[in-house]
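Undergrad: Got data_17.tsv for you, TSV, C-alpha atoms:
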```tsv
chain	number	residue	atom	x	y	z
A	1	MET	CA	-22.42	20.43	74.71
A	2	ARG	CA	-25.38	18.86	72.99
A	3	VAL	CA	-26.05	15.55	71.31
A	4	GLU	CA	-27.06	15.71	67.69
A	5	GLY	CA	-27.88	13.04	65.19
A	6	SER	CA	-27.34	12.78	61.46
A	7	LEU	CA	-29.03	11.15	58.52
A	8	LEU	CA	-26.57	8.83	56.83
A	9	ARG	CA	-27.18	7.32	53.42
A	10	GLU	CA	-26.68	3.61	53.52
A	11	SER	CA	-25.15	1.66	50.67
A	12	GLY	CA	-27.61	1.14	47.84
A	13	GLU	CA	-29.78	4.09	48.90
A	14	ARG	CA	-30.29	7.07	46.63
A	15	PRO	CA	-29.51	10.53	47.99
A	16	LEU	CA	-32.36	12.83	48.94
A	17	PRO	CA	-33.56	14.97	46.03
A	18	ALA	CA	-31.54	18.17	45.77
A	19	ASP	CA	-34.52	20.44	46.42
A	20	LEU	CA	-35.14	18.63	49.70
A	21	ARG	CA	-31.80	19.40	51.25
A	22	SER	CA	-29.81	22.50	51.96
A	23	ARG	CA	-26.05	22.51	52.32
A	24	VAL	CA	-24.74	23.63	55.69
A	25	PRO	CA	-21.75	25.98	55.35
A	26	ARG	CA	-18.63	23.99	56.05
A	27	SER	CA	-16.70	25.05	59.11
A	28	ARG	CA	-12.93	24.94	59.19
A	29	GLY	CA	-11.67	21.53	60.03
A	30	ARG	CA	-14.99	19.80	59.37
A	31	PRO	CA	-14.37	16.69	57.33
A	32	ARG	CA	-17.31	16.57	54.94
A	33	LEU	CA	-20.24	18.38	53.49
A	34	GLU	CA	-23.34	18.44	55.64
A	35	TYR	CA	-26.89	18.80	54.38
A	36	ARG	CA	-30.11	19.47	56.20
A	37	PRO	CA	-33.51	18.18	55.15
A	38	ARG	CA	-35.71	21.07	54.04
A	39	VAL	CA	-39.40	20.37	54.51
A	40	ARG	CA	-41.96	22.76	53.07
A	41	SER	CA	-44.95	20.59	52.30
A	42	ALA	CA	-46.68	17.31	53.02
A	43	SER	CA	-45.27	15.96	49.79
A	44	ASP	CA	-41.74	16.75	51.02
A	45	VAL	CA	-42.48	14.64	54.08
A	46	ALA	CA	-43.76	11.83	51.85
A	47	THR	CA	-40.55	11.99	49.82
A	48	LEU	CA	-38.46	11.85	52.98
A	49	ARG	CA	-40.42	8.83	54.14
A	50	ARG	CA	-39.82	7.11	50.82
A	51	HIS	CA	-36.14	7.59	51.60
A	52	ARG	CA	-36.71	5.94	54.99
A	53	VAL	CA	-36.28	9.16	56.93
A	54	PRO	CA	-38.43	8.81	60.08
A	55	ALA	CA	-40.54	11.95	59.77
A	56	VAL	CA	-44.31	12.19	60.18
A	57	LEU	CA	-46.62	15.11	59.58
A	58	ILE	CA	-49.36	15.19	62.19
A	59	THR	CA	-52.31	16.98	60.66
A	60	SER	CA	-55.74	17.99	61.85
A	61	GLU	CA	-57.16	16.19	58.81
A	62	TRP	CA	-55.85	12.88	60.13
A	63	VAL	CA	-57.19	13.53	63.63
A	64	SER	CA	-60.57	14.74	62.30
A	65	HIS	CA	-60.82	11.73	60.01
A	66	HIS	CA	-60.39	9.48	63.04
A	67	GLY	CA	-63.28	11.02	64.90
A	68	TYR	CA	-62.12	14.22	66.62
A	69	PRO	CA	-62.97	17.18	64.39
A	70	VAL	CA	-60.32	19.77	65.08
A	71	VAL	CA	-58.21	22.34	63.28
A	72	PHE	CA	-54.57	22.92	64.17
A	73	ARG	CA	-51.33	23.82	62.45
A	74	PRO	CA	-49.46	20.64	61.49
A	75	TRP	CA	-46.59	19.28	63.53
A	76	LEU	CA	-43.59	17.65	61.92
A	77	ALA	CA	-42.64	14.78	64.22
A	78	VAL	CA	-38.98	13.77	63.94
A	79	PRO	CA	-36.51	11.89	66.17
A	80	GLN	CA	-35.31	14.24	68.87
A	81	GLU	CA	-31.68	13.69	67.88
A	82	LEU	CA	-32.53	15.11	64.45
A	83	ALA	CA	-34.89	17.86	65.55
A	84	GLY	CA	-32.29	20.59	65.19
A	85	LYS	CA	-31.25	19.36	61.76
A	86	PHE	CA	-34.53	19.96	59.95
A	87	SER	CA	-35.25	23.20	58.20
A	88	SER	CA	-39.02	23.65	58.06
A	89	ASP	CA	-41.89	26.07	58.45
A	90	PHE	CA	-43.79	23.31	60.19
A	91	ARG	CA	-43.64	23.15	63.95
A	92	ILE	CA	-41.16	20.49	64.98
A	93	LEU	CA	-42.20	17.83	67.50
A	94	PRO	CA	-39.08	16.07	68.81
A	95	VAL	CA	-39.87	12.41	69.48
A	96	LYS	CA	-37.88	10.08	71.73
A	97	ASP	CA	-39.24	6.89	70.22
A	98	GLU	CA	-37.88	6.96	66.67
A	99	ASP	CA	-39.44	3.59	65.95
A	100	ALA	CA	-42.92	5.14	66.46
A	101	LEU	CA	-42.33	7.23	63.35
A	102	ARG	CA	-41.56	4.33	61.03
A	103	ASP	CA	-45.11	3.17	60.36
A	104	PRO	CA	-47.37	5.15	62.69
A	105	GLY	CA	-50.85	3.85	63.39
A	106	LEU	CA	-53.44	4.67	66.01
A	107	PRO	CA	-51.34	3.88	69.13
A	108	GLU	CA	-48.48	6.00	67.85
A	109	MET	CA	-50.71	8.94	66.91
A	110	VAL	CA	-52.56	8.84	70.23
A	111	THR	CA	-49.20	8.84	71.99
A	112	LEU	CA	-47.88	11.77	69.95
A	113	LEU	CA	-51.09	13.72	70.51
A	114	LEU	CA	-50.51	13.39	74.25
A	115	ARG	CA	-47.57	15.74	73.77
A	116	PHE	CA	-49.61	18.75	72.67
A	117	ASP	CA	-53.33	17.94	73.02
A	118	PRO	CA	-54.04	15.24	75.61
A	119	LEU	CA	-57.81	15.76	75.41
A	120	ALA	CA	-57.74	15.01	71.69
A	121	ALA	CA	-55.70	11.88	72.45
A	122	ARG	CA	-58.34	10.70	74.90
A	123	VAL	CA	-61.27	11.29	72.54
A	124	LEU	CA	-59.43	9.60	69.68
A	125	ALA	CA	-58.83	6.56	71.89
A	126	VAL	CA	-62.50	6.46	72.93
A	127	ARG	CA	-63.80	6.72	69.40
A	128	ASN	CA	-61.40	4.13	67.97
A	129	ARG	CA	-61.31	1.77	70.93
A	130	SER	CA	-61.88	-1.37	68.88
A	131	GLU	CA	-58.82	-0.65	66.75
A	132	LEU	CA	-56.52	0.41	69.57
A	133	ASN	CA	-54.05	-2.32	70.48
A	134	PRO	CA	-53.47	-1.99	74.26
A	135	ASN	CA	-50.02	-3.56	74.14
A	136	GLU	CA	-48.86	-1.20	71.43
A	137	LEU	CA	-50.32	1.80	73.24
A	138	TYR	CA	-48.55	0.76	76.45
A	139	ARG	CA	-45.25	0.32	74.61
A	140	ARG	CA	-45.46	3.68	72.85
A	141	VAL	CA	-46.47	5.59	75.96
A	142	ARG	CA	-43.58	4.06	77.91
A	143	ASN	CA	-41.05	4.61	75.13
A	144	GLU	CA	-42.08	8.22	74.72
A	145	GLY	CA	-42.17	8.78	78.50
A	146	VAL	CA	-45.61	10.38	78.50
A	147	GLU	CA	-47.09	8.41	81.39
A	148	SER	CA	-48.07	11.60	83.19
A	149	ALA	CA	-50.10	12.97	80.27
A	150	ALA	CA	-51.58	9.50	79.71
A	151	THR	CA	-52.65	9.33	83.35
A	152	ARG	CA	-54.18	12.78	83.20
A	153	VAL	CA	-56.63	11.62	80.52
A	154	ARG	CA	-56.89	8.06	81.92
A	155	LEU	CA	-55.43	6.13	79.03
A	156	GLN	CA	-55.20	3.23	81.49
A	157	ASP	CA	-58.84	2.68	80.44
A	158	PHE	CA	-57.40	1.41	77.16
A	159	ALA	CA	-54.04	0.02	78.27
A	160	PRO	CA	-54.27	-0.87	81.98
A	161	ALA	CA	-50.54	-1.59	82.24
A	162	ILE	CA	-49.60	2.06	81.72
A	163	PRO	CA	-48.16	3.18	85.09
A	164	LYS	CA	-50.17	5.86	86.87
A	165	VAL	CA	-48.06	8.98	87.21
A	166	GLY	CA	-49.61	12.08	88.73
A	167	SER	CA	-53.28	13.03	88.89
A	168	SER	CA	-56.15	12.33	86.52
A	169	LEU	CA	-59.01	14.46	85.30
A	170	SER	CA	-62.30	13.35	86.79
A	171	ARG	CA	-64.45	10.99	84.79
A	172	SER	CA	-67.21	13.60	84.57
A	173	GLU	CA	-64.76	16.11	83.07
A	174	LEU	CA	-63.61	13.56	80.52
A	175	ARG	CA	-67.19	12.63	79.63
A	176	TRP	CA	-67.87	16.32	79.07
A	177	VAL	CA	-64.91	16.59	76.72
A	178	GLU	CA	-65.97	13.44	74.86
A	179	LYS	CA	-69.51	14.69	74.34
A	180	ASN	CA	-68.58	18.23	73.39
A	181	ASN	CA	-67.04	17.63	70.01
A	182	PRO	CA	-68.89	14.86	68.17
A	183	ALA	CA	-67.38	13.28	65.09
A	184	VAL	CA	-68.60	14.72	61.81
A	185	GLY	CA	-72.05	13.38	61.04
A	186	GLU	CA	-72.52	11.97	64.52
A	187	VAL	CA	-75.37	13.38	66.57
A	188	ALA	CA	-74.33	12.45	70.09
B	1	MET	CA	-63.01	33.64	57.33
B	2	ILE	CA	-66.00	32.55	59.38
B	3	GLU	CA	-66.25	28.90	60.36
B	4	PRO	CA	-69.47	27.33	59.01
B	5	GLU	CA	-70.62	26.46	62.52
B	6	VAL	CA	-70.26	30.10	63.62
B	7	GLN	CA	-71.89	31.32	60.43
B	8	ALA	CA	-74.92	29.09	60.99
B	9	THR	CA	-75.16	30.22	64.61
B	10	ASP	CA	-74.88	33.86	63.63
B	11	ALA	CA	-77.66	33.52	61.06
B	12	ILE	CA	-80.02	32.02	63.63
B	13	LEU	CA	-79.23	34.51	66.39
B	14	ARG	CA	-79.39	37.52	64.07
B	15	ARG	CA	-82.76	36.38	62.82
B	16	GLY	CA	-83.96	36.42	66.40
B	17	GLY	CA	-82.40	39.84	67.08
B	18	ILE	CA	-80.29	38.32	69.89
B	19	GLN	CA	-77.14	40.10	71.01
B	20	TYR	CA	-74.36	37.61	71.73
B	21	VAL	CA	-70.61	37.13	71.93
B	22	VAL	CA	-68.81	34.03	70.65
B	23	VAL	CA	-66.73	32.56	73.47
B	24	GLY	CA	-64.92	29.19	73.79
B	25	GLY	CA	-62.75	27.54	71.19
B	26	GLN	CA	-64.19	29.34	68.18
B	27	ALA	CA	-63.16	32.65	69.76
B	28	ILE	CA	-59.68	31.33	70.58
B	29	ALA	CA	-59.37	30.24	66.95
B	30	ARG	CA	-59.04	33.91	65.97
B	31	LYS	CA	-55.66	33.92	67.75
B	32	ALA	CA	-54.45	30.34	67.42
B	33	ALA	CA	-55.25	27.88	64.70
B	34	THR	CA	-56.64	25.30	67.05
B	35	THR	CA	-60.32	24.76	67.45
B	36	THR	CA	-62.95	22.12	67.78
B	37	ARG	CA	-66.26	22.51	65.96
B	38	ASP	CA	-68.63	23.19	68.85
B	39	VAL	CA	-69.86	26.75	69.30
B	40	ASP	CA	-70.32	28.62	72.59
B	41	VAL	CA	-72.13	31.93	72.72
B	42	MET	CA	-72.82	34.11	75.72
B	43	VAL	CA	-75.91	36.25	76.09
B	44	ALA	CA	-76.90	38.81	78.71
B	45	THR	CA	-78.74	37.41	81.71
B	46	ALA	CA	-81.89	39.36	80.88
B	47	ASP	CA	-81.93	37.86	77.39
B	48	TYR	CA	-81.17	34.29	78.38
B	49	ALA	CA	-84.66	32.88	78.95
B	50	ALA	CA	-86.11	34.57	75.88
B	51	THR	CA	-83.17	33.34	73.79
B	52	VAL	CA	-83.78	29.75	74.86
B	53	VAL	CA	-87.49	30.01	74.06
B	54	ARG	CA	-86.78	31.53	70.67
B	55	LEU	CA	-84.10	28.97	69.75
B	56	ARG	CA	-86.30	26.05	70.78
B	57	ALA	CA	-88.63	27.09	67.98
B	58	GLU	CA	-85.83	27.11	65.40
B	59	PRO	CA	-86.21	24.26	62.90
B	60	GLY	CA	-82.44	24.03	62.31
B	61	LEU	CA	-81.72	23.33	65.97
B	62	ALA	CA	-82.36	20.37	68.23
B	63	PHE	CA	-82.83	21.18	71.92
B	64	ASP	CA	-80.81	19.02	74.34
B	65	TRP	CA	-81.11	20.48	77.81
B	66	ASP	CA	-81.18	23.68	79.85
B	67	ASP	CA	-80.12	24.21	83.45
B	68	GLY	CA	-80.77	27.93	83.57
B	69	LYS	CA	-77.10	28.76	83.19
B	70	LEU	CA	-76.28	26.86	80.05
B	71	CYS	CA	-78.56	25.58	77.35
B	72	ARG	CA	-77.38	23.07	74.77
B	73	PHE	CA	-78.70	22.85	71.25
B	74	ARG	CA	-77.38	20.98	68.22
B	75	LEU	CA	-76.93	22.41	64.77
B	76	LEU	CA	-78.79	19.86	62.69
B	77	GLY	CA	-77.50	21.05	59.34
B	78	LEU	CA	-73.92	20.52	60.48
B	79	GLY	CA	-74.01	16.98	61.77
B	80	GLY	CA	-75.26	17.80	65.25
B	81	VAL	CA	-72.44	20.11	66.33
B	82	PRO	CA	-73.22	21.38	69.85
B	83	LEU	CA	-74.27	25.01	70.27
B	84	ASP	CA	-74.10	26.11	73.90
B	85	VAL	CA	-75.91	29.29	74.94
B	86	ILE	CA	-74.40	30.57	78.17
B	87	ASN	CA	-75.97	32.90	80.71
B	88	SER	CA	-73.54	35.70	81.58
B	89	THR	CA	-74.57	35.63	85.24
B	90	VAL	CA	-72.40	32.53	85.75
B	91	PHE	CA	-69.24	34.61	85.43
B	92	SER	CA	-70.27	37.89	86.99
B	93	GLY	CA	-69.05	37.17	90.54
B	94	ARG	CA	-70.10	40.00	92.83
B	95	ARG	CA	-71.57	42.03	89.99
B	96	THR	CA	-74.62	41.49	87.83
B	97	GLY	CA	-74.83	39.35	84.74
B	98	LYS	CA	-75.60	42.49	82.75
B	99	GLU	CA	-72.40	44.14	83.98
B	100	PHE	CA	-70.36	41.12	82.96
B	101	PHE	CA	-71.97	40.92	79.53
B	102	ASP	CA	-71.50	44.66	78.94
B	103	PHE	CA	-67.84	44.35	79.95
B	104	LEU	CA	-67.38	41.33	77.69
B	105	ALA	CA	-69.02	43.00	74.70
B	106	SER	CA	-67.23	46.33	75.09
B	107	ASP	CA	-63.78	45.54	76.55
B	108	GLY	CA	-63.38	41.80	76.17
B	109	ALA	CA	-64.27	41.13	72.56
B	110	GLN	CA	-63.35	42.08	69.03
B	111	VAL	CA	-65.47	42.31	65.92
B	112	VAL	CA	-64.22	40.08	63.09
B	113	ASP	CA	-66.27	39.86	59.88
B	114	GLY	CA	-69.24	41.38	61.70
B	115	ILE	CA	-69.15	38.86	64.55
B	116	LEU	CA	-68.15	39.63	68.12
B	117	TYR	CA	-65.52	37.20	69.42
B	118	ALA	CA	-64.25	37.15	73.02
B	119	THR	CA	-60.53	37.74	73.52
B	120	PRO	CA	-58.39	34.86	74.83
B	121	THR	CA	-58.31	36.62	78.21
B	122	LEU	CA	-62.09	36.43	78.55
B	123	VAL	CA	-62.30	32.91	77.12
B	124	TRP	CA	-59.73	31.66	79.61
B	125	TYR	CA	-61.45	33.54	82.46
B	126	THR	CA	-64.77	31.86	81.69
B	127	ARG	CA	-63.15	28.46	81.26
B	128	LEU	CA	-61.32	28.65	84.57
B	129	LEU	CA	-64.49	29.66	86.40
B	130	THR	CA	-66.42	26.51	85.49
B	131	LYS	CA	-66.56	23.30	87.50
B	132	ARG	CA	-64.68	21.56	84.69
B	133	TRP	CA	-61.83	24.00	84.92
B	134	ARG	CA	-59.15	21.30	85.06
B	135	ALA	CA	-60.12	19.97	81.64
B	136	TYR	CA	-60.18	23.51	80.35
B	137	ALA	CA	-56.73	24.09	81.85
B	138	GLU	CA	-55.51	21.40	79.44
B	139	LYS	CA	-57.05	23.35	76.60
B	140	ILE	CA	-55.36	26.54	77.77
B	141	VAL	CA	-52.01	24.77	77.75
B	142	THR	CA	-52.73	23.61	74.19
B	143	ASN	CA	-53.67	27.20	73.27
B	144	VAL	CA	-50.32	28.48	74.58
B	145	ILE	CA	-48.45	25.76	72.69
B	146	ASP	CA	-50.36	26.98	69.64
B	147	GLY	CA	-49.16	30.53	70.07
B	148	VAL	CA	-51.63	32.35	72.33
B	149	SER	CA	-49.58	34.54	74.66
B	150	ILE	CA	-49.29	33.43	78.25
B	151	ASP	CA	-49.72	37.12	79.14
B	152	HIS	CA	-53.46	36.58	78.87
B	153	LEU	CA	-53.23	34.82	82.23
B	154	ASP	CA	-52.38	38.20	83.77
B	155	GLY	CA	-55.49	39.56	82.11
B	156	VAL	CA	-57.55	36.72	83.58
B	157	GLU	CA	-56.44	37.74	87.06
B	158	GLU	CA	-57.35	41.36	86.35
B	159	VAL	CA	-60.84	40.38	85.22
B	160	ALA	CA	-61.18	38.23	88.34
B	161	ARG	CA	-60.28	41.21	90.53
B	162	ARG	CA	-62.84	43.34	88.73
B	163	PHE	CA	-65.65	40.85	89.35
B	164	GLY	CA	-64.54	39.61	92.76
B	165	THR	CA	-63.75	36.06	91.67
B	166	GLY	CA	-60.05	36.20	92.52
B	167	ASP	CA	-60.31	33.62	95.30
B	168	GLU	CA	-61.50	31.01	92.83
B	169	ILE	CA	-59.47	32.08	89.82
B	170	GLY	CA	-56.14	32.70	91.57
B	171	PRO	CA	-55.27	29.06	92.40
B	172	ARG	CA	-56.52	27.92	88.99
B	173	VAL	CA	-54.31	30.39	87.14
B	174	ALA	CA	-51.42	29.19	89.33
B	175	TYR	CA	-52.26	25.61	88.30
B	176	VAL	CA	-52.07	26.54	84.61
B	177	ARG	CA	-48.75	28.31	85.11
B	178	GLU	CA	-47.43	25.20	86.84
B	179	GLU	CA	-48.58	23.04	83.94
B	180	LEU	CA	-46.79	25.31	81.51
B	181	ARG	CA	-43.57	24.87	83.48
B	182	ARG	CA	-43.53	21.11	82.95
B	183	PRO	CA	-40.42	20.43	80.86
B	184	GLU	CA	-42.27	18.46	78.17
B	185	VAL	CA	-44.71	21.36	77.75
B	186	ALA	CA	-42.13	24.12	78.04
B	187	ALA	CA	-40.13	22.47	75.24
B	188	LEU	CA	-43.03	23.01	72.84
B	189	LEU	CA	-43.82	26.63	73.68
B	190	PRO	CA	-43.13	28.98	70.80
B	191	PRO	CA	-40.14	31.22	71.42
B	192	ARG	CA	-41.72	34.58	72.16
B	193	PRO	CA	-41.17	37.06	74.93
B	194	GLY	CA	-44.64	36.65	76.45
B	195	ASN	CA	-44.44	32.91	76.85
B	196	SER	CA	-42.16	32.43	79.80
B	197	ALA	CA	-44.09	30.72	82.59
B	198	GLU	CA	-41.56	32.06	85.10
B	199	ARG	CA	-43.33	34.87	86.82
```
Just give me the structure as structure tokens.

TA:
Amino acid sequence: MRVEGSLLRESGERPLPADLRSRVPRSRGRPRLEYRPRVRSASDVATLRRHRVPAVLITSEWVSHHGYPVVFRPWLAVPQELAGKFSSDFRILPVKDEDALRDPGLPEMVTLLLRFDPLAARVLAVRNRSELNPNELYRRVRNEGVESAATRVRLQDFAPAIPKVGSSLSRSELRWVEKNNPAVGEVA
Amino acid sequence: MIEPEVQATDAILRRGGIQYVVVGGQAIARKAATTTRDVDVMVATADYAATVVRLRAEPGLAFDWDDGKLCRFRLLGLGGVPLDVINSTVFSGRRTGKEFFDFLASDGAQVVDGILYATPTLVWYTRLLTKRWRAYAEKIVTNVIDGVSIDHLDGVEEVARRFGTGDEIGPRVAYVREELRRPEVAALLPPRPGNSAER
């Protein structure tokens, strides 16, 4: 048995555009038609967001723009209950904290990066320290349950309340990582 | 497609007639679309000192430091991206630096667009043999999430046996395998036969 979620249109909301959903073949005895969001581009994600679907495309452009020049294939972050419902060529990142996908800022992106590139999360936090709200970072890390990854890259430096779980990389290793990939235009 | 940082490095090193292999993230980028901008190149031990002297005279490079094993420059035309020149002796274990470089260039690298890039096996081997291997282990995990086959870890152990570095590499490879077994990491691994950490 597995738990799955659904996107339900609330009263007053328009349906998703037809080209953004695919009909799931109806099984015998199933009461209604079921559709799955089909995401092929960043603009599809933007359309979904306009329809209040909590989906976020995590791109290397965003991460690079915030001070960690990197190239990676985008991740489509969606609530974990809905992860199996999306049809997409993007890699799916199931997220526990659905609220983090509503209006993601720096704390949310740092937290999501912890899932697949903790070193990038650390450098992003270092280079945007003045804009990183410690309370928000703490809340997102706890909600997402990524205390272990946060500890590994010492995010307690930015949000001291994050519980320490497991071991941390040494400070000299982290300094090495921070110095190795300067932001565009920065001569470290 | 050649990344601009690699292209700039290649132009400088070719001008100096220096034989090199791209290692590090730019080499991994041939197999997985994840890379940072910094460039690491390895040269044969016998060429190392002369390479450093030659590059210090290059107007497009700023010299940072040299400890005899690794020399850091910055590519001035590209916003100061680090260019690390690495002495092959660091990774040669019980053999000579020349033997390691020859092995890297002949068996552990592939030519792409005229440039010699190390395979993931050799990149991971070099990363796990440094004193900052734990940080690099994180990068290896990210590489596997991005689609590089975990089978390269077997290759790392083979290279270690060849150069007599198994005592150091063995526990570090085991550490990476353990990391890949963490449920939150395992959930993100691409579904492919080579990516089961259970071995």

Undergrad: Between A:Pro104, A:Gly166, A:Pro69, A:Pro118, which is the closest to B:Thr35 once you count all atoms listed in the file?

TA: A:Pro69

Undergrad: Counting only C-alpha atoms, collect the residues of chain A whose closest atom lies at most 10 Å from chain B, and write them out as a PyMOL selection string.

TA: chain A and resi 60+64+68-74+91-94+115-120+145-146+149+152-153+168-170+172-174+176-177+179-188

Undergrad: Enter the distance from atom CA of A:Ser6 to atom CA of A:Thr111, in Å, rounded to one decimal.

TA: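 Computing it gives 24.6 Å between the two atoms.
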
Undergrad: If we count only C-alpha atoms, what is near B:Gly108 at a cut-off of 12 Å, once residues fewer than 6 positions away on the same chain are taken out, given as an MDAnalysis selection string?

TA: chainID B and resid 21:23 27 100:102 116:126 152 155:156 158:159

Undergrad: Check the smallest atom-to-atom distance from each of A:Lys96, A:Leu76, A:Arg122, A:Leu7 to A:Arg154 using all atoms listed in the file, then report the winner.

TA: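 Residue with the minimum atom-to-atom distance to A:Arg154: A:Arg122.
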
Undergrad: Would you pick out the contacts of stretch 61-73 of chain B at 8 Å or less, using only C-alpha atoms, so that residues sharing its chain but fewer than 6 positions from it are not included, and give the list as a PyMOL selection string?

TA: chain B and resi 49+52+55+82-90

Undergrad: Could you tell me how far atom CA of A:Glu147 sits from atom CA of A:Val165, in Å to one decimal place?

TA: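 Atom CA of A:Glu147 lies 5.9 Å from atom CA of A:Val165.
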